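Colleague: To be precise about what I am sending: the file is called structure15.cif and holds mmCIF, C-alpha atoms (C1' of nucleotides).
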data_run
loop_
_atom_site.label_atom_id
_atom_site.label_comp_id
_atom_site.auth_asym_id
_atom_site.auth_seq_id
_atom_site.Cartn_x
_atom_site.Cartn_y
_atom_site.Cartn_z
CA MET D 1 6.59 24.95 15.34
CA ALA D 2 8.04 21.92 13.59
CA SER D 3 6.32 18.92 15.14
CA SER D 4 9.49 16.99 15.88
CA ALA D 5 13.00 17.01 14.54
CA PRO D 6 13.64 13.61 12.96
CA GLU D 7 16.01 12.26 15.60
CA PRO D 8 18.34 9.52 14.43
CA PRO D 9 16.43 6.31 15.14
CA SER D 10 17.59 4.03 17.94
CA PRO D 11 18.40 0.41 17.10
CA ARG D 12 15.09 -0.71 18.58
CA ALA D 13 13.26 1.89 16.52
CA ARG D 14 14.93 0.51 13.44
CA GLU D 15 13.74 -2.99 14.36
CA ILE D 16 10.21 -1.66 14.66
CA VAL D 17 10.42 0.10 11.31
CA ALA D 18 11.74 -3.10 9.73
CA ALA D 19 8.81 -5.07 11.13
CA ALA D 20 6.44 -2.39 9.87
CA ARG D 21 7.99 -2.63 6.44
CA ALA D 22 7.46 -6.38 6.35
CA LEU D 23 3.90 -6.07 7.60
CA LEU D 24 3.09 -3.40 5.03
CA GLU D 25 4.59 -5.25 2.12
CA GLU D 26 2.99 -8.55 3.05
CA GLN D 27 -0.47 -7.41 4.00
CA GLY D 28 -0.99 -3.84 2.88
CA ALA D 29 -1.70 -0.54 4.53
CA ASP D 30 -4.86 -1.67 6.30
CA ALA D 31 -2.88 -4.30 8.16
CA LEU D 32 -0.33 -1.79 9.35
CA SER D 33 -1.91 -0.98 12.69
CA MET D 34 -0.01 -0.30 15.86
CA ARG D 35 -1.51 -3.38 17.54
CA ARG D 36 -0.73 -5.76 14.71
CA LEU D 37 2.75 -4.34 14.45
CA ALA D 38 3.20 -4.84 18.18
CA ASP D 39 1.94 -8.42 17.87
CA ARG D 40 4.58 -9.15 15.28
CA LEU D 41 7.21 -7.78 17.64
CA GLY D 42 5.88 -9.70 20.63
CA ILE D 43 5.05 -6.56 22.59
CA ARG D 44 1.96 -4.39 23.24
CA ALA D 45 1.01 -1.44 21.11
CA PRO D 46 1.70 1.31 23.66
CA SER D 47 5.29 0.13 23.99
CA ILE D 48 5.94 1.23 20.43
CA TYR D 49 5.51 4.81 21.59
CA LYS D 50 8.63 4.45 23.71
CA HIS D 51 10.58 4.39 20.46
CA LEU D 52 8.57 6.36 17.92
CA PRO D 53 6.41 9.40 18.64
CA ASP D 54 3.42 8.34 16.55
CA LYS D 55 2.24 6.48 13.50
CA ARG D 56 3.00 9.36 11.16
CA SER D 57 6.70 9.14 12.01
CA LEU D 58 6.62 5.41 11.54
CA GLU D 59 5.24 5.93 8.05
CA ALA D 60 7.69 8.74 7.44
CA ALA D 61 10.53 6.39 8.33
CA LEU D 62 9.23 3.85 5.83
CA ILE D 63 8.99 6.56 3.19
CA SER D 64 12.50 7.87 3.87
CA GLU D 65 13.85 4.37 3.53
CA ALA D 66 11.98 3.91 0.27
CA PHE D 67 13.32 7.18 -1.10
CA GLU D 68 16.86 6.04 -0.41
CA GLU D 69 16.24 2.74 -2.13
CA THR D 70 14.69 4.34 -5.19
CA ALA D 71 17.51 6.89 -5.36
CA VAL D 72 19.98 4.03 -5.67
CA ALA D 73 17.87 2.01 -8.10
CA PHE D 74 17.07 4.98 -10.34
CA ALA D 75 20.64 6.22 -10.45
CA ALA D 76 21.77 2.75 -11.48
CA ALA D 77 19.11 2.57 -14.18
CA VAL D 78 20.04 5.91 -15.73
CA GLU D 79 23.80 5.40 -15.52
CA GLY D 80 25.13 4.77 -18.99
CA ALA D 81 21.71 4.03 -20.45
CA GLU D 82 21.20 4.72 -24.12
CA GLU D 83 17.73 6.10 -23.51
CA PRO D 84 17.87 7.30 -19.93
CA LEU D 85 14.22 8.28 -19.65
CA VAL D 86 13.05 4.90 -20.89
CA ALA D 87 15.42 3.07 -18.56
CA LEU D 88 14.31 5.22 -15.66
CA ALA D 89 10.65 4.62 -16.42
CA ALA D 90 11.24 0.88 -16.42
CA ALA D 91 12.97 1.09 -13.05
CA TYR D 92 10.18 3.24 -11.70
CA ARG D 93 7.50 0.81 -12.80
CA ASP D 94 9.49 -2.14 -11.48
CA PHE D 95 9.82 -0.59 -8.07
CA ALA D 96 6.12 0.13 -7.85
CA ARG D 97 5.16 -3.35 -8.97
CA GLY D 98 7.64 -4.91 -6.60
CA HIS D 99 6.46 -2.85 -3.64
CA PRO D 100 2.90 -1.78 -4.40
CA HIS D 101 1.85 -1.01 -0.84
CA LEU D 102 5.02 0.92 -0.16
CA TYR D 103 4.62 2.82 -3.40
CA ARG D 104 1.10 3.82 -2.42
CA LEU D 105 2.27 4.92 0.99
CA MET D 106 4.94 7.08 -0.63
CA THR D 107 2.62 8.84 -3.02
CA GLU D 108 -0.98 8.81 -1.95
CA ARG D 109 -0.92 11.50 0.67
CA PRO D 110 0.77 14.85 1.20
CA LEU D 111 4.35 14.27 2.29
CA ALA D 112 5.24 14.90 5.93
CA ARG D 113 8.51 16.46 4.76
CA GLU D 114 9.48 17.67 8.22
CA LEU D 115 9.67 14.03 9.34
CA LEU D 116 11.76 12.74 6.44
CA ALA D 117 15.49 12.25 6.36
CA PRO D 118 16.81 15.52 4.95
CA GLY D 119 17.56 15.34 1.25
CA ALA D 120 16.01 11.91 0.72
CA GLU D 121 13.29 13.23 -1.57
CA ALA D 122 15.79 15.24 -3.62
CA ARG D 123 18.14 12.27 -3.97
CA ALA D 124 15.32 10.14 -5.33
CA ALA D 125 14.42 12.86 -7.84
CA GLN D 126 17.94 13.54 -9.07
CA PRO D 127 18.20 10.72 -11.64
CA LEU D 128 15.10 12.03 -13.40
CA LEU D 129 16.52 15.53 -13.59
CA ASP D 130 19.69 14.05 -15.02
CA ALA D 131 17.74 12.01 -17.55
CA VAL D 132 16.02 15.09 -18.98
CA GLY D 133 19.12 17.26 -18.96
CA GLY D 134 17.92 19.49 -16.16
CA ASP D 135 14.69 20.56 -17.87
CA ALA D 136 12.39 20.87 -14.85
CA ASP D 137 9.19 21.15 -16.89
CA ARG D 138 9.95 18.00 -18.79
CA ALA D 139 10.96 16.26 -15.58
CA ARG D 140 7.63 17.12 -13.95
CA ALA D 141 5.64 16.07 -16.99
CA ALA D 142 7.52 12.79 -17.13
CA TRP D 143 7.06 12.12 -13.43
CA ALA D 144 3.36 12.89 -13.68
CA PHE D 145 3.02 10.50 -16.60
CA ALA D 146 4.96 7.75 -14.84
CA HIS D 147 3.09 8.18 -11.58
CA GLY D 148 -0.24 8.29 -13.38
CA MET D 149 0.45 5.11 -15.32
CA THR D 150 1.75 3.41 -12.22
CA ILE D 151 -0.96 4.28 -9.76
CA LEU D 152 -3.78 3.75 -12.23
CA GLU D 153 -2.35 0.33 -12.98
CA LEU D 154 -1.93 -0.51 -9.29
CA ASN D 155 -5.49 0.57 -8.63
CA GLY D 156 -6.84 -1.52 -11.49
CA ARG D 157 -8.24 1.49 -13.26
CA PHE D 158 -7.35 0.53 -16.81
CA PRO D 159 -9.60 -1.98 -18.58
CA PRO D 160 -8.59 -5.61 -18.03
CA GLY D 161 -7.16 -6.26 -21.48
CA ALA D 162 -5.45 -2.90 -21.88
CA ASP D 163 -1.98 -2.95 -23.44
CA LEU D 164 -0.20 -0.87 -20.85
CA ASP D 165 3.22 -1.46 -22.35
CA ALA D 166 1.97 0.31 -25.44
CA ALA D 167 0.63 3.24 -23.43
CA TRP D 168 3.94 3.53 -21.59
CA ARG D 169 5.82 3.49 -24.89
CA ARG D 170 3.49 6.06 -26.39
CA GLY D 171 3.95 8.46 -23.50
CA LEU D 172 7.69 8.00 -23.27
CA GLU D 173 8.19 8.54 -26.99
CA ALA D 174 6.29 11.77 -26.68
CA LEU D 175 8.25 12.96 -23.68
CA ALA D 176 11.67 11.65 -24.67
CA SER D 177 12.67 14.40 -27.05
CA GLU D 178 13.20 18.10 -26.75
CA VAL D 179 10.28 20.17 -27.93
CA GLU D 180 11.01 22.39 -30.91
CA PRO D 181 10.21 26.00 -30.18
CA GLN D 182 6.82 26.98 -31.56
CA PRO D 183 7.15 28.81 -34.92
CA MET U 184 -21.53 -13.62 -5.85
CA ALA U 185 -21.87 -9.91 -6.66
CA SER U 186 -22.03 -8.14 -3.32
CA SER U 187 -25.17 -6.21 -4.12
CA ALA U 188 -26.92 -5.04 -7.25
CA PRO U 189 -27.00 -1.23 -7.20
CA GLU U 190 -30.68 -0.75 -6.53
CA PRO U 191 -32.11 2.58 -7.65
CA PRO U 192 -31.74 4.81 -4.61
CA SER U 193 -34.80 5.87 -2.65
CA PRO U 194 -35.48 9.58 -2.19
CA ARG U 195 -34.19 9.39 1.37
CA ALA U 196 -31.06 7.63 0.18
CA ARG U 197 -30.52 10.47 -2.26
CA GLU U 198 -30.83 12.99 0.56
CA ILE U 199 -28.21 11.09 2.50
CA VAL U 200 -25.86 10.98 -0.47
CA ALA U 201 -26.34 14.72 -0.98
CA ALA U 202 -25.46 15.39 2.63
CA ALA U 203 -22.42 13.14 2.27
CA ARG U 204 -21.34 15.07 -0.79
CA ALA U 205 -21.56 18.36 1.08
CA LEU U 206 -19.70 16.96 4.06
CA LEU U 207 -16.96 15.53 1.86
CA GLU U 208 -16.49 18.66 -0.18
CA GLU U 209 -16.49 20.95 2.84
CA GLN U 210 -14.37 18.95 5.24
CA GLY U 211 -12.62 16.17 3.38
CA ALA U 212 -12.59 12.41 3.49
CA ASP U 213 -11.62 12.14 7.14
CA ALA U 214 -14.75 14.02 8.12
CA LEU U 215 -16.98 11.69 6.13
CA SER U 216 -17.85 9.29 8.93
CA MET U 217 -21.21 7.65 9.39
CA ARG U 218 -21.73 9.42 12.72
CA ARG U 219 -20.87 12.88 11.46
CA LEU U 220 -23.01 12.32 8.41
CA ALA U 221 -25.89 11.26 10.66
CA ASP U 222 -25.35 14.37 12.80
CA ARG U 223 -25.74 16.56 9.75
CA LEU U 224 -29.00 14.77 8.93
CA GLY U 225 -30.29 14.99 12.49
CA ILE U 226 -30.39 11.22 12.95
CA ARG U 227 -28.16 8.50 14.45
CA ALA U 228 -25.56 6.61 12.51
CA PRO U 229 -27.27 3.20 12.49
CA SER U 230 -30.33 4.72 10.85
CA ILE U 231 -28.31 5.37 7.71
CA TYR U 232 -28.16 1.63 7.23
CA LYS U 233 -31.91 1.57 6.66
CA HIS U 234 -31.22 3.33 3.37
CA LEU U 235 -27.76 2.32 2.27
CA PRO U 236 -26.10 -1.04 2.84
CA ASP U 237 -22.71 0.27 3.95
CA LYS U 238 -20.15 3.02 3.58
CA ARG U 239 -18.71 1.56 0.41
CA SER U 240 -22.01 2.02 -1.39
CA LEU U 241 -22.29 5.52 -0.07
CA GLU U 242 -18.91 6.30 -1.57
CA ALA U 243 -19.83 4.47 -4.75
CA ALA U 244 -22.91 6.67 -5.06
CA LEU U 245 -20.75 9.76 -4.71
CA ILE U 246 -18.38 8.42 -7.34
CA SER U 247 -21.19 7.56 -9.76
CA GLU U 248 -22.56 11.06 -9.40
CA ALA U 249 -19.13 12.53 -10.01
CA PHE U 250 -18.66 10.42 -13.13
CA GLU U 251 -21.92 11.73 -14.55
CA GLU U 252 -20.89 15.30 -13.83
CA THR U 253 -17.49 14.91 -15.40
CA ALA U 254 -19.02 13.19 -18.43
CA VAL U 255 -21.12 16.30 -19.04
CA ALA U 256 -18.31 18.75 -18.32
CA PHE U 257 -15.76 16.93 -20.44
CA ALA U 258 -18.11 16.47 -23.39
CA ALA U 259 -18.86 20.19 -23.31
CA ALA U 260 -15.17 21.05 -23.18
CA VAL U 261 -14.26 18.88 -26.15
CA GLU U 262 -17.24 19.88 -28.26
CA GLY U 263 -16.09 22.14 -31.07
CA ALA U 264 -12.73 22.83 -29.42
CA GLU U 265 -9.84 23.69 -31.68
CA GLU U 266 -7.45 21.63 -29.60
CA PRO U 267 -9.69 19.05 -27.97
CA LEU U 268 -7.01 17.45 -25.81
CA VAL U 269 -5.91 20.79 -24.40
CA ALA U 270 -9.49 21.84 -23.70
CA LEU U 271 -10.21 18.52 -22.07
CA ALA U 272 -7.12 18.75 -19.91
CA ALA U 273 -8.19 22.17 -18.71
CA ALA U 274 -11.64 20.86 -17.82
CA TYR U 275 -10.08 17.88 -16.04
CA ARG U 276 -7.81 20.07 -13.97
CA ASP U 277 -10.65 22.47 -13.20
CA PHE U 278 -12.85 19.70 -11.92
CA ALA U 279 -10.15 18.35 -9.67
CA ARG U 280 -9.30 21.76 -8.26
CA GLY U 281 -12.94 22.58 -7.75
CA HIS U 282 -13.66 19.27 -6.00
CA PRO U 283 -10.36 18.03 -4.60
CA HIS U 284 -11.78 15.67 -1.99
CA LEU U 285 -14.22 14.21 -4.46
CA TYR U 286 -11.47 13.80 -7.03
CA ARG U 287 -9.36 11.93 -4.51
CA LEU U 288 -12.27 9.69 -3.61
CA MET U 289 -12.79 8.90 -7.30
CA THR U 290 -9.22 7.97 -8.02
CA GLU U 291 -7.28 6.94 -4.99
CA ARG U 292 -8.57 3.42 -4.49
CA PRO U 293 -9.58 0.52 -6.67
CA LEU U 294 -13.04 1.16 -8.09
CA ALA U 295 -15.97 -0.80 -6.67
CA ARG U 296 -17.33 -1.16 -10.17
CA GLU U 297 -20.10 -3.53 -9.15
CA LEU U 298 -21.61 -0.73 -7.06
CA LEU U 299 -21.47 1.99 -9.70
CA ALA U 300 -24.25 3.11 -11.99
CA PRO U 301 -23.76 0.99 -15.13
CA GLY U 302 -21.90 2.86 -17.85
CA ALA U 303 -21.02 5.87 -15.73
CA GLU U 304 -17.30 5.23 -15.94
CA ALA U 305 -17.45 4.72 -19.71
CA ARG U 306 -19.47 7.90 -20.22
CA ALA U 307 -16.88 9.91 -18.33
CA ALA U 308 -14.10 8.41 -20.44
CA GLN U 309 -15.76 8.90 -23.83
CA PRO U 310 -14.75 12.54 -24.42
CA LEU U 311 -11.10 11.61 -24.04
CA LEU U 312 -11.42 8.81 -26.56
CA ASP U 313 -13.08 11.27 -28.93
CA ALA U 314 -10.34 13.82 -28.36
CA VAL U 315 -7.61 11.41 -29.42
CA GLY U 316 -9.53 10.00 -32.37
CA GLY U 317 -10.10 6.63 -30.76
CA ASP U 318 -6.42 5.84 -30.17
CA ALA U 319 -6.65 3.91 -26.89
CA ASP U 320 -2.92 3.97 -26.19
CA ARG U 321 -2.77 7.71 -26.57
CA ALA U 322 -5.91 8.08 -24.47
CA ARG U 323 -4.37 6.06 -21.64
CA ALA U 324 -1.10 7.94 -21.81
CA ALA U 325 -2.96 11.26 -21.75
CA TRP U 326 -5.14 10.19 -18.86
CA ALA U 327 -2.13 9.00 -16.90
CA PHE U 328 -0.37 12.29 -17.51
CA ALA U 329 -3.41 14.33 -16.50
CA HIS U 330 -4.09 12.26 -13.41
CA GLY U 331 -0.45 12.35 -12.41
CA MET U 332 -0.22 16.13 -12.74
CA THR U 333 -3.50 16.54 -10.92
CA ILE U 334 -2.96 14.26 -7.97
CA LEU U 335 0.66 15.30 -7.46
CA GLU U 336 -0.49 18.90 -7.42
CA LEU U 337 -3.35 18.16 -5.02
CA ASN U 338 -0.98 16.32 -2.74
CA GLY U 339 1.52 19.15 -2.77
CA ARG U 340 4.24 16.98 -4.23
CA PHE U 341 5.74 19.50 -6.64
CA PRO U 342 8.13 22.09 -5.20
CA PRO U 343 6.42 25.27 -4.01
CA GLY U 344 7.50 27.56 -6.83
CA ALA U 345 7.08 25.01 -9.63
CA ASP U 346 5.53 26.31 -12.84
CA LEU U 347 2.86 23.67 -13.27
CA ASP U 348 1.22 25.41 -16.18
CA ALA U 349 4.47 24.93 -18.06
CA ALA U 350 4.64 21.25 -17.15
CA TRP U 351 1.04 20.76 -18.28
CA ARG U 352 1.82 22.51 -21.57
CA ARG U 353 4.93 20.47 -22.07
CA GLY U 354 3.11 17.19 -21.57
CA LEU U 355 0.13 18.14 -23.69
CA GLU U 356 2.26 19.31 -26.58
CA ALA U 357 4.03 15.99 -26.50
CA LEU U 358 0.83 13.98 -26.40
CA ALA U 359 -1.28 16.14 -28.70
CA SER U 360 0.01 14.87 -32.00
CA GLU U 361 0.09 11.52 -33.70
CA VAL U 362 3.36 9.75 -33.44
CA GLU U 363 5.19 9.22 -36.70
CA PRO U 364 6.08 5.62 -37.27
CA GLN U 365 9.67 4.92 -36.31
CA PRO U 366 11.99 4.98 -39.36
"C1'" DT E 367 27.18 -1.68 48.10
"C1'" DT E 368 23.65 1.25 47.92
"C1'" DG E 369 20.74 4.73 46.15
"C1'" DA E 370 19.05 7.27 42.14
"C1'" DC E 371 17.88 7.41 37.52
"C1'" DT E 372 16.72 5.57 32.99
"C1'" DT E 373 14.87 2.14 29.88
"C1'" DG E 374 11.35 -0.43 27.99
"C1'" DG E 375 7.99 -3.05 28.96
"C1'" DC E 376 2.97 -3.39 30.93
"C1'" DT E 377 -2.47 -2.50 31.88
"C1'" DA E 378 -6.37 0.43 31.71
"C1'" DA E 379 -8.61 3.73 29.51
"C1'" DC E 380 -10.50 7.29 26.06
"C1'" DA E 381 -12.46 8.91 21.94
"C1'" DG E 382 -13.14 7.75 17.60
"C1'" DT E 383 -14.37 4.24 13.49
"C1'" DG E 384 -17.90 0.92 10.74
"C1'" DT E 385 -21.46 -2.10 11.69
"C1'" DT E 386 -25.16 -5.38 13.74
"C1'" DA E 387 -29.09 -6.77 16.71
"C1'" DG E 388 -33.13 -5.82 18.48
"C1'" DC E 389 -36.79 -2.58 19.99
"C1'" DT E 390 -40.64 0.68 18.87
"C1'" DA E 391 -43.69 4.71 17.36
"C1'" DG E 392 -46.21 5.84 13.64
"C1'" DA E 393 -48.21 5.28 9.10
"C1'" DC E 394 -50.43 2.50 5.71
"C1'" DT E 395 -53.33 -1.31 4.13
"C1'" DC E 396 -56.67 -5.04 4.16
"C1'" DG L 397 -59.52 -2.63 14.13
"C1'" DA L 398 -55.53 -5.84 12.98
"C1'" DG L 399 -51.44 -6.58 10.72
"C1'" DT L 400 -47.42 -5.03 8.40
"C1'" DC L 401 -43.92 -2.03 6.92
"C1'" DT L 402 -40.88 2.11 7.57
"C1'" DA L 403 -37.53 4.61 9.71
"C1'" DG L 404 -36.05 5.93 13.54
"C1'" DC L 405 -33.76 4.56 18.21
"C1'" DT L 406 -30.24 2.43 21.99
"C1'" DA L 407 -26.75 -0.78 23.16
"C1'" DA L 408 -23.11 -3.18 21.86
"C1'" DC L 409 -18.90 -5.26 19.36
"C1'" DA L 410 -14.50 -5.22 17.40
"C1'" DC L 411 -11.49 -2.32 15.72
"C1'" DT L 412 -8.32 2.23 15.41
"C1'" DG L 413 -4.46 5.69 17.42
"C1'" DT L 414 -3.01 7.40 21.60
"C1'" DT L 415 -2.21 8.79 26.70
"C1'" DA L 416 -1.48 8.09 31.71
"C1'" DG L 417 0.52 5.80 35.06
"C1'" DC L 418 2.81 1.68 37.06
"C1'" DC L 419 6.87 -1.27 37.60
"C1'" DA L 420 10.92 -4.54 37.01
"C1'" DA L 421 15.46 -4.56 35.49
"C1'" DG L 422 19.70 -2.34 34.22
"C1'" DT L 423 23.16 1.41 34.67
"C1'" DC L 424 25.98 4.40 37.05
"C1'" DA L 425 27.89 7.37 40.66
"C1'" DA L 426 29.06 8.15 45.36
#
Could you render the structure from this file as structure tokens?

Modeller:
Amino acid sequence: MASSAPEPPSPRAREIVAAARALLEEQGADALSMRRLADRLGIRAPSIYKHLPDKRSLEAALISEAFEETAVAFAAAVEGAEEPLVALAAAYRDFARGHPHLYRLMTERPLARELLAPGAEARAAQPLLDAVGGDADRARAAWAFAHGMTILELNGRFPPGADLDAAWRRGLEALASEVEPQP
Amino acid sequence: MASSAPEPPSPRAREIVAAARALLEEQGADALSMRRLADRLGIRAPSIYKHLPDKRSLEAALISEAFEETAVAFAAAVEGAEEPLVALAAAYRDFARGHPHLYRLMTERPLARELLAPGAEARAAQPLLDAVGGDADRARAAWAFAHGMTILELNGRFPPGADLDAAWRRGLEALASEVEPQP
DNA sequence: TTGACTTGGCTAACAGTGTTAGCTAGACTC
DNA sequence: GAGTCTAGCTAACACTGTTAGCCAAGTCAA
């Protein structure tokens, strides 16, 4: 039933994924075609299928890798921070701005979880849960806010002169504190 | 320099856009190809180009239409509401759940603003600005939160059992009130 | 050393995508 | 009636992901 257990990638598969990463980051998702990827590797597109079952798994490998990187970056940002949520938000935004195409790939479609490295998604999410003291509702609201700000900015959806730093601050202030129980 | 002024669509063009809307809503973005659209209209794909310059404009027409619809729905939701931001958020979420493929089309890529009906985007945004009393920073933070919750839900990114109503409430409570100036 | 098997390339091909060029039947207009 | 415009058509191009089948080179066991 599961389409394919995520076998540990061979060295050659890892080379291919690395080339795909470079291609994606340099030229965006539209440029990440099997033929262009093969070109970059000096081989023909069908040869890629000797190492990876299909394009979905290639993308899943990129996403797994990105989850591991964000897990490290976010944990470092939260560690010892005075305002963990603010620090985490800054790290989140930095990652997305530094890797816009990768960030889009990670978020814009339903996740092929069965193809990801087990636990990668959870490891990336852990620093946020820590930052809000385990309050899952607050964590989800904060993630939604951060993702919304990020993707709307990446997609150029805010007006040109908009002060996005101010909007980030406004949202984080609102979400930073515990909510008092309703009287 | 501008790729093409958005000429007022001919009646036939409007029929084509209507068929595209139905196709999109029923079967999703992947199904919205020029050939499948032509099939539904009983013609061949190249004939569509007699009425619309390209697929981008077709999508832009769908997005314009959706902006007009949301402008009406959101204005109605805010009008006379006790908690305008909460009412607006409910209307926003309802629209996205009722038209998930259309919502994705509207938000997932940079907007081809030059192809949209002039003012459509602004009309759709106005109710939010009203709901937050003209505070642009709060409006952007609220939009980001709502879009984040919406698209992460549509993409199945929250864990299966997650109480999203609670996360929505948590975020809206935080964003509903003015922020007191920092002491 | 030889024979068998595996690895990792290759070409050719298929069905699908958006799009363009060029043809034409019919309707409309002077 | 002649000319022109409209809205369809077929054929084709350059792409996309993917499969089938071939083959040279390397590995390994008898």

Colleague: Suppose a student applies the PyMOL selection byres ((chain L) within 10 of (chain D)) to this structure; what residues should they get, written as a PDB file with C-alpha atoms (C1' of nucleotides), in the frame of the given file?

Modeller:
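Generated file (result00.pdb):
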ATOM      1  C1'  DT L 412      -8.320   2.230  15.410  1.00  0.00           C
ATOM      2  C1'  DG L 413      -4.460   5.690  17.420  1.00  0.00           C
ATOM      3  C1'  DT L 414      -3.010   7.400  21.600  1.00  0.00           C
ATOM      4  C1'  DT L 415      -2.210   8.790  26.700  1.00  0.00           C
TER       5       DT L 415
END

Colleague: Tell me which residues the PyMOL selection byres ((chain U) within 9 of (chain D)) grabs here, as a compact mmCIF listing (two decimals) with C-alpha atoms, keeping the file's coordinate frame.

Modeller:
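Contents of expr.txt, as written:
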# COMPACT_ATOMS: atom_id res chain seq x y z
CA THR U 290 -9.22 7.97 -8.02
CA GLU U 291 -7.28 6.94 -4.99
CA ARG U 292 -8.57 3.42 -4.49
CA PRO U 293 -9.58 0.52 -6.67
CA LEU U 294 -13.04 1.16 -8.09
CA ALA U 319 -6.65 3.91 -26.89
CA ASP U 320 -2.92 3.97 -26.19
CA ARG U 321 -2.77 7.71 -26.57
CA ALA U 322 -5.91 8.08 -24.47
CA ARG U 323 -4.37 6.06 -21.64
CA ALA U 324 -1.10 7.94 -21.81
CA ALA U 325 -2.96 11.26 -21.75
CA TRP U 326 -5.14 10.19 -18.86
CA ALA U 327 -2.13 9.00 -16.90
CA PHE U 328 -0.37 12.29 -17.51
CA ALA U 329 -3.41 14.33 -16.50
CA HIS U 330 -4.09 12.26 -13.41
CA GLY U 331 -0.45 12.35 -12.41
CA MET U 332 -0.22 16.13 -12.74
CA THR U 333 -3.50 16.54 -10.92
CA ILE U 334 -2.96 14.26 -7.97
CA LEU U 335 0.66 15.30 -7.46
CA LEU U 337 -3.35 18.16 -5.02
CA ASN U 338 -0.98 16.32 -2.74
CA GLY U 339 1.52 19.15 -2.77
CA ARG U 340 4.24 16.98 -4.23
CA PHE U 341 5.74 19.50 -6.64
CA ALA U 345 7.08 25.01 -9.63
CA ASP U 346 5.53 26.31 -12.84
CA LEU U 347 2.86 23.67 -13.27
CA ALA U 349 4.47 24.93 -18.06
CA ALA U 350 4.64 21.25 -17.15
CA TRP U 351 1.04 20.76 -18.28
CA ARG U 352 1.82 22.51 -21.57
CA ARG U 353 4.93 20.47 -22.07
CA GLY U 354 3.11 17.19 -21.57
CA LEU U 355 0.13 18.14 -23.69
CA GLU U 356 2.26 19.31 -26.58
CA ALA U 357 4.03 15.99 -26.50
CA LEU U 358 0.83 13.98 -26.40
CA ALA U 359 -1.28 16.14 -28.70
CA SER U 360 0.01 14.87 -32.00
CA VAL U 362 3.36 9.75 -33.44

Colleague: Output the contact residues of chain E with respect to chain U at a cut-off of 8 Å, based on all atoms listed in the file, as a list in words.

Modeller: DT383, DG384 and DT385 of chain E

Colleague: Taking only C-alpha atoms (C1' of nucleotides) into account, which of L:DA398, L:DA416, L:DA410, L:DA403 comes nearest E:DT377?

Modeller: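 For E:DT377, the nearest of the given residues is L:DA416.
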
Colleague: Apply the PyMOL selection byres ((chain U and resi 314) around 9) to the file shown and report the selected residues as number ranges by chain.

Modeller: U: 261, 266-268, 271, 309-313, 315-317, 322

Colleague: What is the distance, in Å and to one decimal place, between atom CA of D:Arg36 and atom CA of D:Glu15?

Modeller: 14.7 Å

Colleague: So what do you get for atom CA of U:Glu190 versus atom C1' of L:DC401, distance-wise?

Modeller: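 Distance reported for this atom pair: 18.9 Å.
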
Colleague: By how many Å are atom CA of U:Ala201 and atom CA of U:Ser240 apart?

Modeller: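 Distance reported for this atom pair: 13.4 Å.
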
Colleague: When you count only C-alpha atoms (C1' of nucleotides), which of these residues is closest to D:Lys50: E:DC396, E:DC380, E:DA387, E:DG374?

Modeller: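 Selected residue with least distance to D:Lys50: E:DG374.
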
Colleague: Within 10 Å of E:DT373, counting all atoms listed in the file, which residues qualify if same-chain residues fewer than 5 places away don't, as a list of chain:residue names?

Modeller: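 The neighbour list is D:Lys50, L:DA421, L:DG422, L:DT423.
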
Colleague: Could you complete stretch 225-233 of chain U so that it carries N, CA and C atoms, and give it back as a PDB file, in the coordinates of the input?

Modeller:
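Written output follows (rebuild19.pdb):
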ATOM      1  N   GLY U 225     -29.429  14.983  11.309  1.00  0.00           N
ATOM      2  CA  GLY U 225     -30.290  14.990  12.490  1.00  0.00           C
ATOM      3  C   GLY U 225     -30.764  13.617  12.919  1.00  0.00           C
ATOM      4  N   ILE U 226     -30.031  12.580  12.546  1.00  0.00           N
ATOM      5  CA  ILE U 226     -30.390  11.220  12.950  1.00  0.00           C
ATOM      6  C   ILE U 226     -29.165  10.543  13.565  1.00  0.00           C
ATOM      7  N   ARG U 227     -29.286   9.259  13.889  1.00  0.00           N
ATOM      8  CA  ARG U 227     -28.160   8.500  14.450  1.00  0.00           C
ATOM      9  C   ARG U 227     -27.554   7.625  13.365  1.00  0.00           C
ATOM     10  N   ALA U 228     -26.289   7.335  13.544  1.00  0.00           N
ATOM     11  CA  ALA U 228     -25.560   6.610  12.510  1.00  0.00           C
ATOM     12  C   ALA U 228     -26.238   5.311  12.054  1.00  0.00           C
ATOM     13  N   PRO U 229     -26.705   4.477  12.971  1.00  0.00           N
ATOM     14  CA  PRO U 229     -27.270   3.200  12.490  1.00  0.00           C
ATOM     15  C   PRO U 229     -28.475   3.378  11.582  1.00  0.00           C
ATOM     16  N   SER U 230     -29.158   4.503  11.697  1.00  0.00           N
ATOM     17  CA  SER U 230     -30.330   4.720  10.850  1.00  0.00           C
ATOM     18  C   SER U 230     -29.964   4.827   9.366  1.00  0.00           C
ATOM     19  N   ILE U 231     -28.746   5.262   9.112  1.00  0.00           N
ATOM     20  CA  ILE U 231     -28.310   5.370   7.710  1.00  0.00           C
ATOM     21  C   ILE U 231     -28.401   4.013   7.024  1.00  0.00           C
ATOM     22  N   TYR U 232     -28.165   2.974   7.812  1.00  0.00           N
ATOM     23  CA  TYR U 232     -28.160   1.630   7.230  1.00  0.00           C
ATOM     24  C   TYR U 232     -29.540   1.141   6.824  1.00  0.00           C
ATOM     25  N   LYS U 233     -30.574   1.882   7.173  1.00  0.00           N
ATOM     26  CA  LYS U 233     -31.910   1.570   6.660  1.00  0.00           C
ATOM     27  C   LYS U 233     -32.033   1.951   5.192  1.00  0.00           C
TER      28      LYS U 233
END
